[in-house]
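Next up, protein-v1.txt (compact mmCIF, C-alpha atoms and all ligand atoms):
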```txt
# COMPACT_ATOMS: atom_id res chain seq x y z
CA MET A 29 -12.93 7.02 -2.34
CA THR A 30 -14.77 3.74 -2.69
CA GLN A 31 -14.62 0.93 -0.16
CA HIS A 32 -15.45 -2.61 -1.29
CA PRO A 33 -15.93 -4.58 1.94
CA ALA A 34 -14.86 -8.23 1.78
CA ALA A 35 -13.77 -8.01 -1.86
CA LEU A 36 -11.53 -11.01 -1.05
CA ASP A 37 -13.06 -13.98 0.77
CA ARG A 38 -11.13 -15.88 3.43
CA ALA A 39 -9.68 -18.43 0.99
CA ALA A 40 -8.47 -15.67 -1.33
CA GLN A 41 -6.94 -13.81 1.62
CA GLU A 42 -5.10 -16.95 2.74
CA ALA A 43 -3.80 -17.56 -0.79
CA LEU A 44 -2.60 -13.98 -1.03
CA VAL A 45 -0.79 -14.22 2.32
CA GLU A 46 0.98 -17.36 1.06
CA ALA A 47 2.01 -15.56 -2.14
CA LEU A 48 3.31 -12.65 -0.03
CA ARG A 49 5.33 -15.00 2.20
CA SER A 50 7.07 -16.36 -0.92
CA ALA A 51 7.68 -12.85 -2.23
CA VAL A 52 9.14 -11.69 1.09
CA ARG A 53 11.65 -14.55 0.96
CA LEU A 54 12.95 -13.06 -2.31
CA ALA A 55 12.51 -9.40 -1.37
CA PRO A 56 12.80 -9.10 2.43
CA LEU A 57 10.89 -6.48 4.38
CA PHE A 58 13.03 -3.38 4.98
CA THR A 59 12.53 -0.42 7.29
CA PRO A 60 12.40 2.78 5.26
CA VAL A 61 13.59 6.06 6.77
CA MET A 62 12.29 9.59 6.27
CA PRO A 63 14.06 11.86 3.80
CA ARG A 64 16.61 14.23 5.40
CA THR A 65 15.98 13.24 9.05
CA GLY A 66 16.57 9.50 8.62
CA ARG A 67 13.80 8.83 11.15
CA PRO A 68 12.58 5.24 10.65
CA PHE A 69 9.03 4.43 9.61
CA SER A 70 7.10 2.25 12.07
CA VAL A 71 5.97 0.01 9.19
CA ARG A 72 8.23 -2.36 7.28
CA MET A 73 7.92 -2.54 3.49
CA THR A 74 8.66 -4.43 0.34
CA ASN A 75 7.30 -4.24 -3.21
CA LEU A 76 6.08 -6.40 -6.08
CA GLY A 77 6.07 -5.61 -9.78
CA PRO A 78 8.41 -3.77 -12.17
CA LEU A 79 8.76 -0.75 -9.86
CA GLY A 80 8.86 -0.35 -6.09
CA TRP A 81 8.43 2.65 -3.82
CA VAL A 82 11.32 3.36 -1.45
CA SER A 83 12.20 6.12 1.00
CA ASP A 84 15.65 6.93 2.36
CA ARG A 85 17.64 10.02 3.30
CA ALA A 86 17.83 10.97 -0.39
CA GLY A 87 14.04 11.10 -0.78
CA TYR A 88 11.00 9.17 -1.96
CA ARG A 89 11.15 7.45 -5.34
CA TYR A 90 10.25 4.40 -7.42
CA GLN A 91 13.05 2.06 -8.46
CA PRO A 92 13.23 -1.34 -10.21
CA THR A 93 15.34 -3.05 -7.54
CA HIS A 94 15.27 -3.84 -3.82
CA PRO A 95 17.40 -1.33 -1.85
CA GLU A 96 19.24 -4.04 0.12
CA THR A 97 19.51 -7.04 -2.22
CA GLY A 98 19.81 -5.02 -5.46
CA LYS A 99 17.56 -7.58 -7.16
CA PRO A 100 14.40 -6.87 -9.16
CA TRP A 101 11.16 -6.95 -7.18
CA PRO A 102 9.15 -10.20 -7.43
CA ALA A 103 6.27 -10.31 -9.90
CA MET A 104 2.76 -9.27 -8.89
CA PRO A 105 0.50 -12.31 -8.44
CA GLN A 106 -2.32 -12.57 -10.99
CA VAL A 107 -4.95 -12.10 -8.28
CA LEU A 108 -3.70 -8.52 -7.80
CA LEU A 109 -3.87 -7.79 -11.52
CA ASP A 110 -7.41 -9.21 -11.51
CA LEU A 111 -8.45 -6.91 -8.65
CA TRP A 112 -7.00 -3.93 -10.51
CA GLN A 113 -8.85 -4.90 -13.68
CA ARG A 114 -12.06 -5.26 -11.75
CA HIS A 115 -11.96 -2.15 -9.55
CA ALA A 116 -9.53 0.43 -10.94
CA ALA A 117 -11.48 1.63 -13.99
CA TYR A 118 -8.12 2.41 -15.63
CA PRO A 119 -7.01 0.85 -18.92
CA HIS A 120 -3.33 0.18 -18.17
CA LEU A 121 -1.56 -2.26 -15.88
CA PRO A 122 -0.39 -1.29 -12.41
CA GLU A 123 3.43 -1.11 -12.16
CA ALA A 124 4.00 -1.18 -8.43
CA CYS A 125 2.53 -2.97 -5.47
CA LEU A 126 3.79 -1.50 -2.21
CA VAL A 127 3.50 -3.97 0.68
CA ASN A 128 3.31 -2.37 4.16
CA PHE A 129 3.55 -4.56 7.23
CA TYR A 130 2.18 -3.19 10.52
CA ASN A 131 3.09 -4.75 13.85
CA GLN A 132 1.08 -3.78 16.92
CA GLY A 133 1.70 -0.08 17.48
CA ALA A 134 2.74 0.74 13.92
CA LYS A 135 0.98 3.64 12.24
CA MET A 136 1.25 5.85 9.17
CA GLY A 137 1.12 9.63 9.37
CA LEU A 138 -1.14 11.69 7.12
CA HIS A 139 0.34 11.90 3.64
CA GLN A 140 -0.54 12.25 -0.03
CA ASP A 141 0.52 9.68 -2.61
CA ARG A 142 2.12 11.92 -5.22
CA ASP A 143 5.30 10.23 -6.41
CA GLU A 144 3.50 8.86 -9.50
CA GLU A 145 3.46 10.57 -12.90
CA ASP A 146 -0.16 9.85 -13.72
CA PHE A 147 -2.78 10.89 -11.16
CA ALA A 148 -5.47 9.76 -13.61
CA ALA A 149 -4.80 6.25 -12.30
CA PRO A 150 -6.29 5.46 -8.89
CA VAL A 151 -4.41 3.85 -6.03
CA LEU A 152 -6.06 0.56 -5.06
CA SER A 153 -5.49 -0.67 -1.52
CA ILE A 154 -6.05 -4.17 -0.09
CA SER A 155 -6.09 -4.85 3.65
CA LEU A 156 -5.17 -8.17 5.30
CA GLY A 157 -5.12 -9.11 8.99
CA ASP A 158 -6.07 -6.87 11.89
CA THR A 159 -8.53 -4.02 11.37
CA ALA A 160 -7.04 -0.56 10.85
CA VAL A 161 -8.42 2.89 11.59
CA PHE A 162 -7.90 4.78 8.31
CA ARG A 163 -8.04 8.58 8.45
CA PHE A 164 -8.65 10.71 5.37
CA GLY A 165 -9.38 14.32 4.54
CA GLY A 166 -9.21 16.60 1.54
CA ALA A 167 -6.39 17.67 -0.73
CA GLU A 168 -5.17 20.38 1.69
CA ARG A 169 -3.17 19.53 4.78
CA GLY A 170 -4.94 20.68 7.95
CA GLY A 171 -8.50 20.32 6.66
CA LYS A 172 -11.30 18.29 8.19
CA THR A 173 -10.73 14.55 8.35
CA GLN A 174 -12.85 11.48 9.00
CA THR A 175 -12.09 7.86 9.72
CA LEU A 176 -13.22 4.50 8.45
CA LYS A 177 -12.25 0.99 9.46
CA LEU A 178 -10.42 -1.21 6.98
CA HIS A 179 -11.04 -4.91 7.59
CA SER A 180 -9.22 -7.96 6.27
CA GLY A 181 -10.26 -8.52 2.65
CA ASP A 182 -11.45 -4.96 2.04
CA VAL A 183 -10.44 -3.10 -1.10
CA LEU A 184 -10.30 0.70 -1.10
CA VAL A 185 -10.03 2.63 -4.35
CA MET A 186 -8.66 6.15 -4.11
CA GLY A 187 -9.26 7.83 -7.43
CA GLY A 188 -10.72 10.93 -9.04
CA GLU A 189 -11.24 13.73 -6.50
CA ALA A 190 -9.85 11.52 -3.73
CA ARG A 191 -6.61 10.65 -5.53
CA LEU A 192 -4.62 13.39 -3.82
CA CYS A 193 -6.39 13.42 -0.48
CA PHE A 194 -4.38 13.29 2.74
CA HIS A 195 -4.70 9.92 4.45
CA GLY A 196 -2.99 7.71 7.01
CA ILE A 197 -3.43 4.93 9.55
CA ASP A 198 -4.16 6.04 13.13
CA ARG A 199 -3.83 2.58 14.58
CA VAL A 200 -4.20 -1.15 14.10
CA LEU A 201 -6.68 -2.89 16.39
CA GLY A 202 -4.92 -5.94 17.85
CA GLY A 203 -6.71 -9.27 17.97
CA THR A 204 -9.39 -8.38 15.40
CA SER A 205 -8.39 -10.98 12.76
CA THR A 206 -7.15 -14.56 12.78
CA LEU A 207 -5.62 -14.36 9.28
CA LEU A 208 -2.03 -13.68 10.37
CA LYS A 209 -0.91 -16.07 13.07
CA GLU A 210 1.36 -13.51 14.71
CA GLY A 211 -1.21 -10.71 14.37
CA GLY A 212 -0.58 -7.37 12.72
CA ARG A 213 -1.74 -6.03 9.39
CA ILE A 214 -0.59 -6.07 5.78
CA ASN A 215 -1.64 -3.36 3.34
CA LEU A 216 -1.02 -3.63 -0.38
CA THR A 217 -1.29 -0.59 -2.63
CA LEU A 218 -1.34 -1.03 -6.38
CA ARG A 219 -0.18 1.93 -8.44
CA ARG A 220 0.40 3.01 -11.99
CA VAL A 221 3.69 4.92 -11.81
CA THR A 222 4.62 6.05 -15.34
CA ARG A 223 2.42 7.90 -17.78
CA PRO A 224 1.29 5.43 -20.45
CA ASN A 225 2.11 6.29 -24.09
C1 LIG B 301 -2.57 1.63 4.69
N1 LIG B 301 -2.61 3.16 2.90
O1 LIG B 301 -3.75 1.36 4.47
C2 LIG B 301 -1.95 2.85 4.11
N2 LIG B 301 -2.42 5.14 0.00
O2 LIG B 301 -1.87 0.96 5.42
C3 LIG B 301 -2.23 4.15 2.11
O3 LIG B 301 -1.33 4.89 2.39
C4 LIG B 301 -2.98 4.35 0.88
O4 LIG B 301 -4.82 2.96 1.53
C5 LIG B 301 -3.05 5.39 -1.15
C6 LIG B 301 -4.27 4.84 -1.44
C7 LIG B 301 -4.88 4.01 -0.56
C8 LIG B 301 -4.24 3.75 0.65
FE FE B 302 -0.91 6.34 0.87
```
Would you mind writing the file out in structure tokens?
Amino acid sequence: MTQHPAALDRAAQEALVEALRSAVRLAPLFTPVMPRTGRPFSVRMTNLGPLGWVSDRAGYRYQPTHPETGKPWPAMPQVLLDLWQRHAAYPHLPEACLVNFYNQGAKMGLHQDRDEEDFAAPVLSISLGDTAVFRFGGAERGGKTQTLKLHSGDVLVMGGEARLCFHGIDRVLGGTSTLLKEGGRINLTLRRVTRPN
């Protein structure tokens, strides 16, 4: 797990937020629900790139189209591909960028990211807006955990040993960033989904 504080400067963060606003007009935020129970997530989501991660009563999966509009996900902006190239240490393109939007009070329970075919690729996360308390542990549920704060502009690379660690967001600290006028937090995670040939 490697944190790159302030990997994006303020201007780059603002440009990325603008690109995300355009993308969300094409692929609106949706509220996923948990498999089986149908319990809603507290975050809203959308995706960029050829594949997007979705969750509904049928399960977790990647799919090429938005669950509500049926249209392909918008393209990933070049700045995201550049960050992947720079920090992922992986020779193939990412295929999915999951966009999570946290309002005040939203959180994300401890989970592993294991819906991808190739765990040799890291997951690269980018934080925008209010600071989040990120919790992470080892590859076994119920083990020791620790926390770190993710600030606007930080990049976190979860690869190697850490690729299958349990992690989540305990809470978002309101009023800690001026990037998003209405407050809240956006997290982007870039993933390679399919095994390259
Ligand atoms: C978040 N992040 O920061 C949630 N997953 O809002 C994740 O679930 C995550 O930060 C895989 C790798 C890095 C992450
Ligand atoms: Fe995750």
Please identify all polymer residues within 12 Å of Glu144 (chain A), counting only C-alpha atoms, omitting same-chain residues fewer than 2 positions from it, and present them as a list in words.
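In the requested form, the answer reads Leu79, Gly80, Trp81, Tyr88, Arg89, Tyr90, Gln91, Pro122, Glu123, Ala124, Gln140, Asp141, Arg142, Asp146, Phe147, Ala148, Ala149, Pro150, Val151, Arg191, Leu192, Leu218, Arg219, Arg220, Val221, Thr222, Arg223 and Pro224 of chain A.
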Pick out the residues sitting within 10 Å of Val82 (chain A), and hand them over as a list in words; count all atoms listed in the file, and ignore anything fewer than 2 positions along from it in its own chain.
Phe58, Thr59, Pro60, Val61, Met62, Met73, Thr74, Asn75, Leu79, Gly80, Asp84, Gly87, Tyr88, Arg89, Tyr90, Gln91, Thr93, His94, Pro95 and Leu126 of chain A
A:Ala39, A:Val127, A:Ala160, A:Ala167: which is nearest Pro56 (chain A), counting all atoms listed in the file?
A:Val127
Nearest to ligand FE 302 (chain B): which of A:Ser153, A:Thr30, A:Ser50, A:Asn225 is it, counting only C-alpha atoms and all ligand atoms?
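Smallest separation from ligand FE 302 (chain B) among the options: A:Ser153.
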Contacts with ligand LIG 301 (chain B) at most 7 Å, only C-alpha atoms and all ligand atoms counted, listed as a PyMOL selection string:
chain A and resi 128+136+141+151-153+155+162+184-186+195-197+215+217
For C-alpha atoms, I'd like the residues from the last selection saved as a PDB file, in the coordinates of the input.
```pdb
ATOM      1  CA  ASN A 128       3.310  -2.370   4.160  1.00  0.00           C
ATOM      2  CA  MET A 136       1.250   5.850   9.170  1.00  0.00           C
ATOM      3  CA  ASP A 141       0.520   9.680  -2.610  1.00  0.00           C
ATOM      4  CA  VAL A 151      -4.410   3.850  -6.030  1.00  0.00           C
ATOM      5  CA  LEU A 152      -6.060   0.560  -5.060  1.00  0.00           C
ATOM      6  CA  SER A 153      -5.490  -0.670  -1.520  1.00  0.00           C
ATOM      7  CA  SER A 155      -6.090  -4.850   3.650  1.00  0.00           C
ATOM      8  CA  PHE A 162      -7.900   4.780   8.310  1.00  0.00           C
ATOM      9  CA  LEU A 184     -10.300   0.700  -1.100  1.00  0.00           C
ATOM     10  CA  VAL A 185     -10.030   2.630  -4.350  1.00  0.00           C
ATOM     11  CA  MET A 186      -8.660   6.150  -4.110  1.00  0.00           C
ATOM     12  CA  HIS A 195      -4.700   9.920   4.450  1.00  0.00           C
ATOM     13  CA  GLY A 196      -2.990   7.710   7.010  1.00  0.00           C
ATOM     14  CA  ILE A 197      -3.430   4.930   9.550  1.00  0.00           C
ATOM     15  CA  ASN A 215      -1.640  -3.360   3.340  1.00  0.00           C
ATOM     16  CA  THR A 217      -1.290  -0.590  -2.630  1.00  0.00           C
TER      17      THR A 217
END
```
Atom pair CA of Thr173 (chain A) / CA of Leu138 (chain A): separation (Å):
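Separation of CA of Thr173 (chain A) and CA of Leu138 (chain A): 10.1 Å.
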Given all atoms listed in the file as the counted atoms, nearest of A:Leu178, A:Ala40, A:Leu207, A:Cys193 to ligand FE 302 (chain B)
A:Cys193
Within 12 Å of Asp37 (chain A), counting only C-alpha atoms, which residues qualify if same-chain residues fewer than 2 places away don't, as a list in words?
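Residues near the query, excluding close chain neighbours: His32, Pro33, Ala34, Ala35, Ala39, Ala40, Gln41, Glu42, Ala43, Leu44, Ser155, Leu156, His179, Ser180, Gly181, Asp182, Val183 and Leu207 of chain A.
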From the options A:Ala86, A:Leu54, A:Val200, A:Ala116, which residue's atoms come nearest to Gly188 (chain A), counting all atoms listed in the file?
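Smallest separation from Gly188 (chain A) among the options: A:Ala116.
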